[in-house]
There are 2 protein chains.
Amino acid sequence: MRLTLYTDFSLRVLLYLANKPEQLVTITELADFYKVSRNHLVKVVHQLGIKGYILTIRGKNGGMKLARLPEEIVIGEVVRTMEPDFDLFECFNRETDACVITQDCRLKSMFFGARNDFLQTLNQYTLADALRPAAQPHEAFKTIPVVNG
Amino acid sequence: MRLTLYTDFSLRVLLYLANKPEQLVTITELADFYKVSRNHLVKVVHQLGIKGYILTIRGKNGGMKLARLPEEIVIGEVVRTMEPDFDLFECFNRETDACVITQDCRLKSMFFGARNDFLQTLNQYTLADALRPAAQPHEAFKTIPVVNG
């Protein structure tokens, strides 16, 4: 049982931005900090913008910042929005499902319920809950110099 | 968010066997019914045997059957047992984790909780609950002829 790297990176980006509320952050800064591919992050950041989680300011001194307060960003919603699908089994996708027992099988509804409980648990938390403690930056975030532009 | 085909097939095999309590079932029969690869099923069946869910009787008229009553086979336990891992994010695997904020990040514990709630929901059900109604075979199961040996 796994989530995609895409959702993983989405949360990391949001967490980083929540730790730097006073400044604009660049993709290069994120890539350097997390030691991950710039290409991956470009797609993630683009989608986070479309979904209304971040604002991007273009130009030489541009960068991105959170579009909402960390308290307003619900973790379960981020996962639901950024994860490509929640097709736990073949039968979850009606268009491609070829399982011969789908019509009669009760497993599907059980797993639907479990999936909903998974997201419901995550809906109890916001990005603010993921920050420790409150307005303090993560220890790891303190170790790197601020990079502007 | 996905589970593996391996777990999917495991549940299908168990469901089939639960529908045929009076007879020994072969891999060929399962492969024909579900229209899936025999090779995939061989691995799944082998593992189900090791984990104590099924009994295999060798020989010309051999085959497999459930090793326990459907009421004793808990869905969440099957998933936990058959799914290769539950590493939702990189940080879930300590040996390979390279995320720079793992030590300070609270997301991990949130997702641990969500994962547990997912399995907890599935632990409310047994294989018997997946059968409809009670001792009646699935409609789809009625459509194929009994194949022995």
# chains A, B, ... in the order shown; residues from 1 in each chain; ligands from 1

call {"tool": "interface_residues", "arguments": {"of": "chain B", "to": "chain A", "cutoff": "8 Å", "atoms": "only C-alpha atoms", "output": "ChimeraX atom specification"}}
result
/B:1-5,8,33-34,83-90,99-101,104-107,110-111,113-115,117-122,125,129-132,138-141

call {"tool": "calpha_fit_rmsd", "arguments": {"fixed": "chain A", "moving": "chain B"}}
result
0.0 Å

call {"tool": "atom_distance", "arguments": {"atom1": "CA of Gly63 in chain A", "atom2": "CA of Glu77 in chain A"}}
result
23.9 Å

call {"tool": "atom_distance", "arguments": {"atom1": "CA of Thr81 in chain A", "atom2": "CA of Gly52 in chain A"}}
result
10.6 Å

call {"tool": "select_by_dssp", "arguments": {"residues": "range 29-143 of chain B", "states": "strand (DSSP E)", "output": "PDB file with C-alpha atoms, in the first residue's frame"}}
result
ATOM      1  CA  ILE B  54      -5.318 -22.569   2.636  1.00  0.00           C
ATOM      2  CA  LEU B  55      -4.469 -26.262   2.625  1.00  0.00           C
ATOM      3  CA  THR B  56      -3.113 -27.948  -0.476  1.00  0.00           C
ATOM      4  CA  ILE B  57      -3.615 -31.635  -1.193  1.00  0.00           C
ATOM      5  CA  GLY B  63      -6.278 -29.158  -5.073  1.00  0.00           C
ATOM      6  CA  MET B  64      -6.712 -26.551  -2.407  1.00  0.00           C
ATOM      7  CA  LYS B  65      -9.315 -25.525   0.138  1.00  0.00           C
ATOM      8  CA  LEU B  66      -9.621 -23.028   2.952  1.00  0.00           C
TER       9      LEU B  66
END

call {"tool": "select_by_dssp", "arguments": {"residues": "range 11-145 of chain A", "states": "helix (DSSP H, G or I)", "output": "number ranges by chain"}}
result
A: 11-19, 27-34, 38-50, 70-72, 75-82, 90-92, 107-122, 127-130, 139-142
